[in-house]
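Peer 1: This is the structure I want to talk about, given as structure tokens.
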Amino acid sequence: MNTLALDIGGTKFSLALFEEGRMARRLSRSTDREGGREWMLGAIAEAAAGWKAEGARWDRCGIGFGGPVLFDRQRVALSTHVGGWSDFDLTEWAENELGVPAIMDNDANVGALGEGFHGAGRRGAGATCDPLFYMTLSTGIGGGILVNGRVLRGADSYAGEVGHTVIRPGGAECLCGAHGCFERMCCGLWLERDHGRAARELLADAGFVRRYVVDLAAGLKTILMLLNPERLVIGGGISKAGDGLFQPLREELGRQMTAWSRARIDVRPAGLADDSVLWGALVLAEQELTSVS
């Protein structure tokens with residue numbers, strides 16, 4: 001069975017075609033924020049039509065969306081980075097446009113599935129770390145929780161939304177209206193706005209990294225103390241900084257963690273780089289659309 005996977009983010013979107021579990025095609029394009037939702041949908045439809053014209057076929061579609069998703073209703077709640085998505089039925093659009101059943105979740109939950117089954121969250125022999133916490137650290141910050149290989153979504157599909165927990169009371173104002181949010185202090189969007197340089201450039205500066213990981217560790221400490229995950233995997237563009245980020249981060253977490261806590265500090269970069277959500281969209285479709293023939 002073939003699966004079309006979509007990753008719709010704040011700065012880019014990506015498509016992949018999986019043929020019997022193997023990634024056969026992939027493309028990625030930067031987002032036109034001014035074009036909003038209609039530009040994005042048109043670009044996705046154009047790319048899919050191009051593949052179909054070349055003979056590609058798919059039986060189902062899995063989608064990771066860069067914002068809160070009401071999973072039980074299969075509707076986008078909103079996007080804080082690109083306008084026009086509030087209360088949008090993205091699944092219905094995909095089914096009508098692509099002609100196959102579709103399923104979606106927010107990109108952090110989908111990324112957790114990808115890393116859990118195919119990336120840095122694998123324990124081996126097809127098993128996922130349990131619990132596994134996956135955090136996307138990119139334009140914004142989101143989190144996904146896997147328990148027994150399934151996404152823990154909570155009562156209202158908002159479990160894992162760590163980006164808007166306050167880590168610095170009285171800090172700078174976030175897009176959500178609160179002050180000192182984890183996302184406001186640590187995500188790529190605000191790093192560039194606050195410091196006038198791209199996150200990639202900032203994270204090449206060891207002095208900056210030492211200061212940056214203080215806030216990053218404060219946010220992660222909350223996750224480690226609350227969930228006690230077997231492993232915490234960080235994906236998104238900032239995670240590509242590698243050991244220059246992760247070694248100081250682990251050291252800072254060691255300093256900040258409550259002295260009596262025996263919660264493990266197993267924090268790793270994503271194993272699938274930019275493709276965590278695409279692989280997770282495959283798993284989501286496998287789990288939720290298994291009856292499709």
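Following the order of the structure tokens, first chain is A, next is B, and so on, with residues numbered from 1 inside each chain and ligands from 1 in the order they appear.
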Step one, run DSSP on the backbone; step two, keep only residues of stretch 25-76 of chain A assigned to strand (DSSP E); then write them as a PyMOL selection string.

Peer 2: chain A and resi 25-30+60-65+69-70+75-76

Peer 1: A:Leu253: which residues within 9 Å, counting only C-alpha atoms, same-chain residues fewer than 3 positions away excluded, as a CSV table (one decimal) with C-alpha atoms, in the first residue's frame?

Peer 2:
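Here's the written file around01.csv:
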chain,number,residue,atom,x,y,z
A,213,VAL,CA,20.6,26.3,27.2
A,214,VAL,CA,19.6,27.8,30.5
A,216,LEU,CA,16.0,25.5,27.1
A,217,ALA,CA,16.9,23.3,30.0
A,218,ALA,CA,14.3,25.0,32.2
A,220,LEU,CA,12.9,20.4,29.3
A,221,LYS,CA,13.2,20.0,33.1
A,248,PRO,CA,26.0,21.9,27.0
A,249,LEU,CA,22.3,21.2,27.2
A,250,ARG,CA,22.8,17.9,28.9
A,256,GLN,CA,18.9,22.1,37.0
A,257,MET,CA,17.3,18.8,37.7
A,265,ILE,CA,18.5,12.6,31.1

Peer 1: Just give me the gap between atom CA of A:Gly121 and atom CA of A:Val233 in Å, one decimal is fine.

Peer 2: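 Taking atom CA of A:Gly121 as the start and atom CA of A:Val233 as the end point, the length is 6.7 Å.
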
Peer 1: For A:Ser138, work out the shell of residues within 7 Å, counting only C-alpha atoms and skipping chain neighbours fewer than 2 positions away, then give it as a VMD selection string.

Peer 2: chain A and resid 136 140 to 141 187 to 188 236 to 238

Peer 1: Give the answer as one residue: which of A:Gln74, A:Thr258, A:Thr290, A:Ser276 has the shortest atom-to-atom distance to A:Leu6, using only C-alpha atoms?

Peer 2: A:Ser276

Peer 1: Which residues are close to A:Met23, i.e. within 12 Å by only C-alpha atoms, leaving aside same-chain residues fewer than 2 positions away? Reply as JSON, numbers by chain.

Peer 2: {"A": [2, 3, 4, 5, 15, 16, 17, 18, 19, 20, 21, 25, 26, 27, 275, 278, 279, 281, 282]}

Peer 1: Next, dump the selected residues to file, keeping only C-alpha atoms, as a short mmCIF file (atom, residue, chain, number, x, y, z; two decimals), in the first residue's frame.

Peer 2:
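result.cif, freshly written:
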data_model
loop_
_atom_site.label_atom_id
_atom_site.label_comp_id
_atom_site.auth_asym_id
_atom_site.auth_seq_id
_atom_site.Cartn_x
_atom_site.Cartn_y
_atom_site.Cartn_z
CA ASN A 2 1.31 3.46 -0.94
CA THR A 3 1.04 6.49 1.34
CA LEU A 4 1.33 10.18 0.51
CA ALA A 5 2.79 12.05 3.48
CA LEU A 15 5.64 15.85 0.56
CA ALA A 16 6.84 12.28 0.38
CA LEU A 17 5.53 9.18 -1.33
CA PHE A 18 6.04 5.90 0.52
CA GLU A 19 5.75 2.78 -1.56
CA GLU A 20 5.30 -0.27 0.68
CA GLY A 21 7.08 1.54 3.53
CA ARG A 25 9.78 10.46 -3.70
CA ARG A 26 10.26 13.63 -1.70
CA LEU A 27 10.09 17.38 -2.21
CA ASP A 275 11.89 13.88 7.69
CA LEU A 278 6.99 12.62 6.92
CA TRP A 279 7.85 9.23 8.40
CA ALA A 281 2.64 10.66 8.68
CA LEU A 282 3.27 7.19 7.27
#

Peer 1: From a backbone DSSP assignment, name each residue in stretch 63-245 of chain A labelled alpha helix (DSSP H), as a short mmCIF file (atom, residue, chain, number, x, y, z; two decimals) with N, CA and C atoms, in the first residue's frame.

Peer 2:
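Written file, part_19.cif:
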data_model
loop_
_atom_site.label_atom_id
_atom_site.label_comp_id
_atom_site.auth_asym_id
_atom_site.auth_seq_id
_atom_site.Cartn_x
_atom_site.Cartn_y
_atom_site.Cartn_z
N LEU A 90 -8.88 20.33 7.00
CA LEU A 90 -7.79 19.98 6.10
C LEU A 90 -7.93 18.55 5.59
N THR A 91 -8.43 17.66 6.42
CA THR A 91 -8.59 16.28 6.00
C THR A 91 -9.59 16.17 4.84
N GLU A 92 -10.71 16.88 4.96
CA GLU A 92 -11.69 16.85 3.88
C GLU A 92 -11.10 17.42 2.59
N TRP A 93 -10.34 18.51 2.71
CA TRP A 93 -9.69 19.07 1.52
C TRP A 93 -8.78 18.04 0.88
N ALA A 94 -7.97 17.36 1.69
CA ALA A 94 -7.03 16.38 1.16
C ALA A 94 -7.77 15.23 0.47
N GLU A 95 -8.84 14.77 1.09
CA GLU A 95 -9.58 13.66 0.48
C GLU A 95 -10.20 14.06 -0.85
N ASN A 96 -10.72 15.27 -0.91
CA ASN A 96 -11.32 15.73 -2.16
C ASN A 96 -10.27 15.99 -3.23
N GLU A 97 -9.14 16.58 -2.84
CA GLU A 97 -8.11 16.94 -3.80
C GLU A 97 -7.30 15.73 -4.26
N LEU A 98 -7.01 14.83 -3.32
CA LEU A 98 -6.11 13.71 -3.61
C LEU A 98 -6.85 12.42 -3.94
N ASP A 107 2.00 18.47 13.99
CA ASP A 107 3.29 17.97 13.52
C ASP A 107 4.15 17.38 14.63
N ALA A 108 4.00 17.86 15.86
CA ALA A 108 4.80 17.30 16.95
C ALA A 108 4.35 15.87 17.27
N ASN A 109 3.05 15.63 17.31
CA ASN A 109 2.56 14.27 17.52
C ASN A 109 3.00 13.35 16.39
N VAL A 110 2.92 13.85 15.17
CA VAL A 110 3.32 13.04 14.01
C VAL A 110 4.83 12.81 14.02
N GLY A 111 5.59 13.85 14.38
CA GLY A 111 7.04 13.69 14.50
C GLY A 111 7.41 12.66 15.54
N ALA A 112 6.65 12.61 16.65
CA ALA A 112 6.89 11.60 17.68
C ALA A 112 6.72 10.20 17.12
N LEU A 113 5.69 9.99 16.30
CA LEU A 113 5.49 8.69 15.67
C LEU A 113 6.66 8.34 14.74
N GLY A 114 7.11 9.32 13.97
CA GLY A 114 8.22 9.06 13.06
C GLY A 114 9.48 8.68 13.79
N GLU A 115 9.84 9.46 14.80
CA GLU A 115 11.06 9.16 15.56
C GLU A 115 10.91 7.90 16.40
N GLY A 116 9.70 7.65 16.90
CA GLY A 116 9.49 6.47 17.73
C GLY A 116 9.62 5.17 16.97
N PHE A 117 9.12 5.14 15.74
CA PHE A 117 9.13 3.90 14.97
C PHE A 117 10.27 3.80 13.97
N HIS A 118 10.84 4.94 13.58
CA HIS A 118 11.87 4.89 12.53
C HIS A 118 13.13 5.70 12.86
N PHE A 182 7.99 29.24 26.88
CA PHE A 182 9.09 28.42 26.39
C PHE A 182 9.38 28.76 24.93
N GLU A 183 8.33 28.80 24.12
CA GLU A 183 8.49 29.12 22.70
C GLU A 183 9.07 30.53 22.51
N ARG A 184 8.59 31.47 23.30
CA ARG A 184 9.05 32.86 23.16
C ARG A 184 10.54 32.98 23.47
N MET A 185 11.02 32.21 24.41
CA MET A 185 12.41 32.32 24.83
C MET A 185 13.37 31.49 23.98
N CYS A 186 12.86 30.44 23.30
CA CYS A 186 13.78 29.47 22.71
C CYS A 186 13.58 29.13 21.25
N GLY A 188 13.14 29.38 17.02
CA GLY A 188 13.92 30.04 15.98
C GLY A 188 13.38 31.39 15.57
N LEU A 189 12.06 31.52 15.50
CA LEU A 189 11.44 32.79 15.11
C LEU A 189 11.89 33.93 16.00
N TRP A 190 11.84 33.69 17.32
CA TRP A 190 12.17 34.76 18.26
C TRP A 190 13.67 34.93 18.43
N LEU A 191 14.45 33.88 18.28
CA LEU A 191 15.90 34.05 18.35
C LEU A 191 16.36 35.04 17.29
N GLU A 192 15.85 34.88 16.08
CA GLU A 192 16.25 35.79 15.00
C GLU A 192 15.74 37.20 15.23
N ARG A 193 14.50 37.33 15.70
CA ARG A 193 13.95 38.67 15.94
C ARG A 193 14.65 39.37 17.09
N ASP A 194 14.99 38.63 18.13
CA ASP A 194 15.62 39.25 19.31
C ASP A 194 17.08 39.60 19.10
N HIS A 195 17.78 38.78 18.29
CA HIS A 195 19.23 38.94 18.19
C HIS A 195 19.71 39.40 16.82
N ALA A 199 19.11 31.63 13.65
CA ALA A 199 19.41 30.69 14.73
C ALA A 199 20.65 29.87 14.43
N ARG A 200 20.83 29.47 13.18
CA ARG A 200 22.00 28.66 12.82
C ARG A 200 23.30 29.40 13.14
N GLU A 201 23.33 30.68 12.85
CA GLU A 201 24.51 31.48 13.13
C GLU A 201 24.71 31.66 14.62
N LEU A 202 23.63 31.94 15.34
CA LEU A 202 23.72 32.13 16.79
C LEU A 202 24.24 30.88 17.48
N ALA A 206 29.63 29.50 20.84
CA ALA A 206 29.60 28.71 22.08
C ALA A 206 29.13 29.55 23.27
N GLY A 207 29.50 30.82 23.29
CA GLY A 207 29.07 31.69 24.38
C GLY A 207 27.56 31.88 24.37
N PHE A 208 27.01 32.08 23.19
CA PHE A 208 25.56 32.21 23.09
C PHE A 208 24.87 30.93 23.52
N VAL A 209 25.39 29.79 23.09
CA VAL A 209 24.78 28.50 23.43
C VAL A 209 24.73 28.31 24.94
N ARG A 210 25.79 28.67 25.64
CA ARG A 210 25.81 28.51 27.11
C ARG A 210 24.68 29.31 27.76
N ARG A 211 24.39 30.48 27.22
CA ARG A 211 23.29 31.28 27.77
C ARG A 211 21.94 30.71 27.34
N TYR A 212 21.87 30.30 26.10
CA TYR A 212 20.62 29.80 25.54
C TYR A 212 20.12 28.54 26.24
N VAL A 213 21.03 27.62 26.58
CA VAL A 213 20.59 26.34 27.15
C VAL A 213 20.02 26.50 28.56
N VAL A 214 20.24 27.64 29.21
CA VAL A 214 19.64 27.85 30.53
C VAL A 214 18.12 27.84 30.42
N ASP A 215 17.59 28.60 29.46
CA ASP A 215 16.14 28.60 29.24
C ASP A 215 15.66 27.29 28.64
N LEU A 216 16.43 26.75 27.70
CA LEU A 216 16.03 25.49 27.06
C LEU A 216 15.93 24.37 28.09
N ALA A 217 16.90 24.30 28.98
CA ALA A 217 16.89 23.26 30.01
C ALA A 217 15.74 23.47 31.00
N ALA A 218 15.41 24.72 31.28
CA ALA A 218 14.29 24.98 32.20
C ALA A 218 12.99 24.42 31.65
N GLY A 219 12.79 24.56 30.35
CA GLY A 219 11.59 23.99 29.74
C GLY A 219 11.62 22.47 29.72
N LEU A 220 12.76 21.90 29.40
CA LEU A 220 12.88 20.45 29.34
C LEU A 220 12.78 19.80 30.72
N LYS A 221 13.25 20.51 31.73
CA LYS A 221 13.16 19.97 33.10
C LYS A 221 11.70 19.67 33.46
N THR A 222 10.81 20.57 33.08
CA THR A 222 9.39 20.36 33.37
C THR A 222 8.91 19.05 32.75
N ILE A 223 9.34 18.78 31.52
CA ILE A 223 8.94 17.55 30.84
C ILE A 223 9.52 16.33 31.55
N LEU A 224 10.80 16.39 31.90
CA LEU A 224 11.45 15.26 32.54
C LEU A 224 10.85 14.96 33.90
N MET A 225 10.51 16.00 34.66
CA MET A 225 9.95 15.79 35.99
C MET A 225 8.50 15.31 35.92
N LEU A 226 7.75 15.81 34.95
CA LEU A 226 6.33 15.46 34.86
C LEU A 226 6.12 14.08 34.24
N LEU A 227 6.84 13.80 33.16
CA LEU A 227 6.58 12.59 32.38
C LEU A 227 7.57 11.47 32.65
N ASP A 243 26.35 18.38 18.58
CA ASP A 243 26.98 18.30 19.90
C ASP A 243 27.25 19.67 20.50
N GLY A 244 27.44 20.68 19.63
CA GLY A 244 27.68 22.02 20.13
C GLY A 244 26.51 22.55 20.94
N LEU A 245 25.32 22.00 20.70
CA LEU A 245 24.14 22.34 21.49
C LEU A 245 23.84 21.27 22.53
#

Peer 1: In Å, with one decimal, what is the gap from atom CA of A:Ala178 to atom CA of A:Gly163?

Peer 2: 11.3 Å

Peer 1: What is the distance between atom CA of A:Ile8 and atom CA of A:Tyr134, in Å to one decimal?

Peer 2: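 The value is 17.4 Å.
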
Peer 1: Neighbours of A:Lys12 within 7 Å (only C-alpha atoms; same-chain residues fewer than 5 positions away dropped), as a PDB file with N, CA and C atoms, in the first residue's frame?

Peer 2:
ATOM      1  N   SER A  28      10.389  19.458  -1.040  1.00  0.00           N
ATOM      2  CA  SER A  28      10.166  20.440   0.017  1.00  0.00           C
ATOM      3  C   SER A  28      10.250  21.831  -0.586  1.00  0.00           C
ATOM      4  N   ARG A  29       9.362  22.737  -0.140  1.00  0.00           N
ATOM      5  CA  ARG A  29       9.368  24.105  -0.631  1.00  0.00           C
ATOM      6  C   ARG A  29       9.173  25.077   0.529  1.00  0.00           C
ATOM      7  N   SER A  30       9.756  26.255   0.401  1.00  0.00           N
ATOM      8  CA  SER A  30       9.572  27.296   1.411  1.00  0.00           C
ATOM      9  C   SER A  30       8.149  27.833   1.353  1.00  0.00           C
ATOM     10  N   THR A  31       7.644  28.255   2.521  1.00  0.00           N
ATOM     11  CA  THR A  31       6.291  28.785   2.622  1.00  0.00           C
ATOM     12  C   THR A  31       6.250  30.255   2.228  1.00  0.00           C
TER      13      THR A  31
END
